[in-house]
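Enquirer: Data: final.tsv, TSV, C-alpha atoms.
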chain	number	residue	atom	x	y	z
A	250	MET	CA	6.27	0.39	15.08
A	251	GLY	CA	6.79	-1.17	18.54
A	252	LYS	CA	5.52	-4.43	19.92
A	253	SER	CA	1.77	-4.55	20.41
A	254	GLN	CA	0.31	-4.46	23.94
A	255	ILE	CA	-2.11	-7.18	22.91
A	256	ASN	CA	-0.52	-10.62	23.04
A	257	ASN	CA	-2.07	-13.68	21.45
A	258	ASN	CA	-1.84	-17.46	21.44
A	259	ILE	CA	-2.81	-17.95	17.81
A	260	ARG	CA	0.28	-20.03	16.99
A	261	THR	CA	-0.38	-22.41	19.93
A	262	LEU	CA	-4.10	-22.63	19.20
A	263	ARG	CA	-3.39	-23.46	15.57
A	264	PHE	CA	-1.08	-26.24	16.71
A	265	PHE	CA	-3.75	-27.72	18.98
A	266	ASN	CA	-6.38	-27.49	16.24
A	267	ASP	CA	-4.96	-30.27	14.05
A	268	GLU	CA	-2.00	-28.06	13.10
A	269	MET	CA	-4.24	-25.68	11.22
A	270	THR	CA	-2.26	-23.74	8.62
A	271	GLN	CA	-2.09	-19.95	8.51
A	272	LYS	CA	-3.89	-20.08	5.17
A	273	GLU	CA	-6.75	-22.16	6.59
A	274	LEU	CA	-7.20	-19.77	9.51
A	275	ALA	CA	-7.02	-16.77	7.16
A	276	GLU	CA	-9.77	-18.26	4.99
A	277	LYS	CA	-11.92	-19.04	8.04
A	278	VAL	CA	-11.78	-15.49	9.39
A	279	GLY	CA	-11.74	-13.70	6.02
A	280	VAL	CA	-8.32	-12.04	6.02
A	281	THR	CA	-5.07	-12.56	4.11
A	282	ARG	CA	-2.35	-14.96	5.28
A	283	GLN	CA	-0.04	-11.93	5.71
A	284	THR	CA	-2.41	-10.54	8.35
A	285	ILE	CA	-2.26	-13.82	10.30
A	286	ILE	CA	1.55	-13.69	10.09
A	287	ALA	CA	1.56	-10.08	11.36
A	288	LEU	CA	-0.79	-11.09	14.21
A	289	GLU	CA	1.37	-14.05	15.24
A	290	GLN	CA	4.48	-11.85	15.25
A	291	GLN	CA	2.57	-9.40	17.54
A	292	LYS	CA	3.10	-6.64	14.99
A	293	TYR	CA	-0.56	-5.92	14.46
A	294	SER	CA	-3.49	-5.61	16.87
A	295	PRO	CA	-6.73	-6.79	15.24
A	296	SER	CA	-10.07	-5.04	15.35
A	297	LEU	CA	-12.55	-6.31	17.94
A	298	GLU	CA	-14.58	-7.99	15.20
A	299	LEU	CA	-11.56	-9.87	13.82
A	300	ALA	CA	-10.51	-10.87	17.33
A	301	PHE	CA	-13.96	-12.39	17.94
A	302	ARG	CA	-13.88	-14.14	14.55
A	303	ILE	CA	-10.49	-15.71	15.39
A	304	ALA	CA	-11.74	-16.86	18.81
A	305	HIS	CA	-14.86	-18.28	17.14
A	306	ALA	CA	-12.72	-20.12	14.57
A	307	PHE	CA	-10.90	-21.90	17.41
A	308	GLY	CA	-14.10	-22.35	19.44
A	309	VAL	CA	-12.69	-20.68	22.54
A	310	PRO	CA	-13.50	-17.47	24.46
A	311	LEU	CA	-11.77	-14.26	23.39
A	312	GLU	CA	-9.58	-14.08	26.51
A	313	GLU	CA	-8.05	-17.46	25.69
A	314	VAL	CA	-6.74	-16.07	22.41
A	315	PHE	CA	-5.85	-12.49	23.31
A	316	THR	CA	-4.37	-11.05	26.50
A	317	TYR	CA	-3.62	-7.44	27.37
A	318	ASP	CA	-0.13	-6.62	28.62
A	319	ALA	CA	-0.47	-3.52	30.81
A	320	LYS	CA	3.25	-3.54	31.74
A	321	ILE	CA	4.29	-2.18	28.34
A	322	GLU	CA	2.06	0.88	28.86
A	323	GLU	CA	3.29	1.37	32.46
A	324	ASN	CA	6.95	1.21	31.37
A	325	LYS	CA	6.48	3.98	28.76
B	140	MET	CA	4.05	-11.05	-1.44
B	141	SER	CA	0.30	-10.43	-1.15
B	142	PHE	CA	-1.88	-9.24	-4.02
B	143	GLN	CA	-2.27	-5.77	-2.46
B	144	GLN	CA	1.49	-5.54	-2.02
B	145	LYS	CA	1.96	-6.39	-5.70
B	146	ASN	CA	-0.55	-3.66	-6.63
B	147	VAL	CA	1.37	-1.09	-4.59
B	148	THR	CA	4.62	-2.20	-6.26
B	149	VAL	CA	3.01	-1.84	-9.71
B	150	SER	CA	1.79	1.65	-8.76
B	151	LEU	CA	5.27	2.59	-7.49
B	152	VAL	CA	6.97	1.41	-10.71
B	153	ASN	CA	4.28	3.12	-12.80
B	154	PHE	CA	4.61	6.49	-11.06
B	155	SER	CA	8.42	6.27	-11.06
B	156	LEU	CA	8.31	5.83	-14.85
B	157	ILE	CA	5.84	8.73	-15.14
B	158	LEU	CA	8.16	10.88	-13.00
B	159	GLY	CA	11.11	10.03	-15.25
B	160	PHE	CA	9.10	10.81	-18.40
B	161	TYR	CA	7.80	14.09	-16.94
B	162	LEU	CA	11.24	15.28	-15.83
B	163	LEU	CA	12.76	14.42	-19.23
B	164	ARG	CA	10.01	16.21	-21.15
B	165	VAL	CA	10.04	19.34	-18.96
B	166	THR	CA	13.86	19.50	-19.06
B	167	TYR	CA	13.77	19.14	-22.86
B	168	LEU	CA	11.14	21.90	-23.21
B	169	VAL	CA	13.11	24.26	-20.95
B	170	ARG	CA	16.40	23.58	-22.79
B	171	THR	CA	14.88	24.14	-26.24
B	172	GLU	CA	13.07	27.25	-24.95
B	173	ASN	CA	9.68	25.74	-25.79
B	174	PHE	CA	8.37	25.89	-22.23
B	175	THR	CA	4.99	27.33	-23.21
B	176	LEU	CA	1.42	26.48	-22.21
B	177	ASP	CA	0.47	24.82	-25.53
B	178	LYS	CA	3.52	22.52	-25.32
B	179	ILE	CA	3.37	21.64	-21.61
B	180	ILE	CA	-0.37	20.99	-21.67
B	181	TRP	CA	0.23	17.98	-23.95
B	182	VAL	CA	2.72	16.59	-21.44
B	183	TRP	CA	0.06	16.96	-18.70
B	184	ILE	CA	-2.55	15.17	-20.85
B	185	ILE	CA	-0.12	12.29	-21.58
B	186	ILE	CA	0.76	12.06	-17.85
B	187	ALA	CA	-2.95	11.88	-16.89
B	188	ILE	CA	-3.64	9.18	-19.48
B	189	MET	CA	-0.53	7.21	-18.44
B	190	ALA	CA	-1.51	7.40	-14.75
B	191	VAL	CA	-4.97	5.94	-15.44
B	192	VAL	CA	-4.31	3.48	-18.29
B	193	VAL	CA	-0.98	2.06	-17.10
B	194	THR	CA	-2.33	1.55	-13.56
B	195	ILE	CA	-5.37	-0.37	-14.87
B	196	VAL	CA	-3.28	-2.44	-17.30
B	197	GLY	CA	-0.66	-3.04	-14.60
B	198	THR	CA	-3.28	-4.32	-12.14
B	199	ILE	CA	-4.79	-6.67	-14.75
B	200	LEU	CA	-1.34	-7.96	-15.74
B	201	THR	CA	-0.44	-8.51	-12.07
B	202	HIS	CA	-3.59	-10.60	-11.65
B	203	ILE	CA	-2.87	-12.66	-14.78
B	204	ILE	CA	0.81	-13.22	-13.95
B	205	SER	CA	-0.02	-14.14	-10.32
B	206	THR	CA	-2.54	-16.71	-11.58
B	207	ILE	CA	-0.03	-18.19	-14.06
B	208	ILE	CA	2.67	-18.45	-11.37
B	209	GLU	CA	0.17	-20.06	-8.96
B	210	VAL	CA	-0.85	-22.63	-11.63
B	211	ILE	CA	2.82	-23.47	-12.32
B	212	LYS	CA	3.61	-23.73	-8.57
B	213	THR	CA	0.62	-25.79	-7.46
B	214	GLY	CA	-0.44	-27.55	-10.66
B	215	ASN	CA	-4.04	-26.60	-9.80
B	216	GLU	CA	-5.81	-25.30	-12.92
B	217	ASP	CA	-8.29	-23.25	-10.85
B	218	PRO	CA	-6.06	-21.53	-8.29
B	219	GLN	CA	-7.34	-19.45	-5.39
B	220	ILE	CA	-5.78	-16.01	-5.66
B	221	GLU	CA	-5.85	-14.15	-2.36
B	222	ASP	CA	-7.04	-10.82	-3.77
B	223	ILE	CA	-9.18	-9.72	-0.81
B	224	GLN	CA	-8.51	-6.42	0.94
B	225	ASP	CA	-8.76	-6.96	4.70
B	226	GLU	CA	-8.68	-4.47	7.58
B	227	ARG	CA	-4.87	-4.42	7.71
B	228	ASP	CA	-4.66	-3.58	4.00
B	229	GLU	CA	-7.20	-0.79	4.51
B	230	LEU	CA	-5.23	0.65	7.44
B	231	ILE	CA	-1.99	0.52	5.46
B	232	ASP	CA	-3.75	2.20	2.54
B	233	LEU	CA	-5.09	4.96	4.81
B	234	LYS	CA	-1.66	5.57	6.33
B	235	GLY	CA	-0.13	5.72	2.82
B	236	THR	CA	-2.80	8.20	1.72
B	237	ARG	CA	-2.03	10.35	4.78
B	238	VAL	CA	1.67	10.46	3.74
B	239	THR	CA	0.66	11.33	0.16
B	240	ASN	CA	-1.59	14.15	1.37
B	241	THR	CA	1.04	15.53	3.76
B	242	VAL	CA	3.77	15.54	1.09
B	243	TYR	CA	1.39	17.13	-1.42
B	244	SER	CA	0.31	19.82	1.08
B	245	PHE	CA	3.92	20.94	1.55
B	246	SER	CA	4.41	20.77	-2.22
B	247	VAL	CA	1.44	23.06	-2.84
B	248	LEU	CA	2.94	25.60	-0.44
B	249	LEU	CA	6.29	25.35	-2.25
B	250	ALA	CA	4.65	25.77	-5.66
B	251	MET	CA	2.66	28.79	-4.46
B	252	LEU	CA	5.82	30.26	-2.98
B	253	THR	CA	7.46	30.22	-6.42
B	254	PHE	CA	4.43	32.13	-7.76
B	255	ALA	CA	4.62	34.60	-4.86
B	256	LEU	CA	8.32	35.14	-5.62
B	257	GLY	CA	7.44	36.30	-9.13
B	258	GLN	CA	7.75	33.12	-11.22
B	259	PRO	CA	5.12	32.63	-13.97
B	260	ALA	CA	1.96	30.62	-13.21
B	261	LEU	CA	3.16	27.95	-15.66
B	262	VAL	CA	6.07	27.13	-13.33
B	263	MET	CA	3.65	26.83	-10.41
B	264	PHE	CA	1.38	24.40	-12.26
B	265	THR	CA	4.35	22.38	-13.55
B	266	LEU	CA	5.61	22.07	-9.97
B	267	LEU	CA	2.13	21.11	-8.75
B	268	ILE	CA	1.97	18.19	-11.21
B	269	LEU	CA	5.55	17.16	-10.38
B	270	CYS	CA	4.84	17.24	-6.65
B	271	GLY	CA	1.63	15.25	-7.15
B	272	ILE	CA	3.66	12.44	-8.74
B	273	ILE	CA	6.34	12.63	-6.02
B	274	ALA	CA	3.64	12.57	-3.29
B	275	GLN	CA	2.11	9.43	-4.84
B	276	ILE	CA	5.54	7.76	-4.92
B	277	ALA	CA	6.17	8.74	-1.27
B	278	GLY	CA	2.80	7.22	-0.27
B	279	ASP	CA	3.55	3.99	-2.16
B	280	ILE	CA	7.02	3.69	-0.58
B	281	PHE	CA	5.46	4.16	2.88
B	282	ARG	CA	2.81	1.50	2.12
B	283	LEU	CA	5.49	-0.97	0.95
B	284	ARG	CA	7.55	-0.23	4.08
B	285	LEU	CA	4.54	-1.06	6.27
B	286	TYR	CA	3.91	-4.26	4.31
B	287	ARG	CA	7.56	-5.30	4.68
B	288	LYS	CA	7.53	-4.61	8.43
B	289	GLY	CA	4.24	-6.43	8.97
B	290	PHE	CA	2.40	-3.25	9.97
Translate the structure of the given file into structure tokens.

Expert:
Amino acid sequence: MGKSQINNNIRTLRFFNDEMTQKELAEKVGVTRQTIIALEQQKYSPSLELAFRIAHAFGVPLEEVFTYDAKIEENK
Amino acid sequence: MSFQQKNVTVSLVNFSLILGFYLLRVTYLVRTENFTLDKIIWVWIIIAIMAVVVTIVGTILTHIISTIIEVIKTGNEDPQIEDIQDERDELIDLKGTRVTNTVYSFSVLLAMLTFALGQPALVMFTLLILCGIIAQIAGDIFRLRLYRKGF
């Protein structure tokens, strides 16, 4: 499984939100801590609903959490 | 290790044991020339019961042991066990099921081929059960691989 085309700033946003733990974020958005780990390591692209829930948990727009890297697709 | 990952591990161990038991019994029946329908049908019944009962007991034991370990680790008498199944778990489960189905499809063809080549129907059904167990193990291994890799 290659690197996801969807990049995210979850690690940074957690840091700027009182160093929120992975477990706290997982509980807020209703997933397991392992899913947050997979997201932070860019190994898993979330569903649209989960992406919105994560953005809502940080109180920021979706595009501040997730960005689309078109270069990976173009280089294929 | 997440709760779902532990469940897959329990299933893998369970079906590996069932595979071992099945192979031993079938080999014994063939060696002693007792490979007949009335003998093998009991092996199939035991396999079916083992698959259901041991999986249920294994899941309950996993839950209990996880709770005990969590209590020892945290000292909290009412620990929060993360036993939810989220979208990633569901996707991993679906991919594992796809591997199981693919392996089993090829196995059915193989079993039917033995019948077409003139082997008795008993051999075909014995192979079908054997391949069902192997397909389940293949699916569990694939699920664990995805869990280890992240996705």

Enquirer: Quick one, how far is atom CA of Gln258 of chain B from atom CA of Ile157 of chain B?

Expert: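 Calculated distance between atom CA of Gln258 of chain B and atom CA of Ile157 of chain B is 24.8 Å.
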
Enquirer: Just checking: using all atoms listed in the file, which residue out of B:Met140, B:Ala277, B:Leu163, B:Ile188 ends up closest to chain A?

Expert: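 Checking each of B:Met140, B:Ala277, B:Leu163, B:Ile188 against chain A, counting all atoms listed in the file, the winner is B:Met140.
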
Enquirer: Quick check, in Å to one decimal: how far apart do atom CA of Asp318 of chain A and atom CA of Asn256 of chain A lie?

Expert: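 Computing the Euclidean distance for atom CA of Asp318 of chain A and atom CA of Asn256 of chain A yields 6.9 Å.
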
Enquirer: Could the residues of chain A that have an atom at most 9 Å from chain B be listed as a Markdown table, each with its closest atom pair and the distance in Å to one decimal, counting only C-alpha atoms and ordered by chain and ascending residue number?

Expert:
| residue | atom | partner | partner_atom | distance |
| --- | --- | --- | --- | --- |
| A:Met250 | CA | B:Phe290 | CA | 7.4 |
| A:Gly279 | CA | B:Asp225 | CA | 7.5 |
| A:Val280 | CA | B:Asp225 | CA | 5.3 |
| A:Thr281 | CA | B:Glu221 | CA | 6.7 |
| A:Arg282 | CA | B:Ser141 | CA | 8.3 |
| A:Gln283 | CA | B:Ser141 | CA | 7.0 |
| A:Thr284 | CA | B:Arg227 | CA | 6.6 |
| A:Ile286 | CA | B:Gly289 | CA | 7.8 |
| A:Ala287 | CA | B:Gly289 | CA | 5.1 |
| A:Leu288 | CA | B:Gly289 | CA | 8.6 |
| A:Gln290 | CA | B:Gly289 | CA | 8.3 |
| A:Lys292 | CA | B:Phe290 | CA | 6.1 |
| A:Tyr293 | CA | B:Phe290 | CA | 6.0 |
| A:Pro295 | CA | B:Arg227 | CA | 8.1 |
| A:Ser296 | CA | B:Glu226 | CA | 7.9 |
| A:Leu299 | CA | B:Glu226 | CA | 8.7 |

Enquirer: Rounded to one decimal, what separation in Å do you get between atom CA of Ala275 of chain A and atom CA of Gly308 of chain A?

Expert: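 Between atom CA of Ala275 of chain A and atom CA of Gly308 of chain A the gap is 15.2 Å.
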
Enquirer: Find the residues around Tyr243 of chain B up to 12 Å (all atoms listed in the file counted), leave out those fewer than 5 positions away in its own chain, and share them as a list in words.

Expert: Thr236, Arg237, Val238, Leu248, Leu249, Ala250, Leu266, Leu267, Ile268, Leu269, Cys270, Gly271, Ile272, Ile273, Ala274, Gln275, Ile276, Ala277 and Gly278 of chain B

Enquirer: Identify which of the residues A:Lys272, A:Asp267, A:Asn257, A:Lys277 lies closest to Ala306 of chain A, counting only C-alpha atoms when measuring atom-to-atom distances.

Expert: A:Lys277
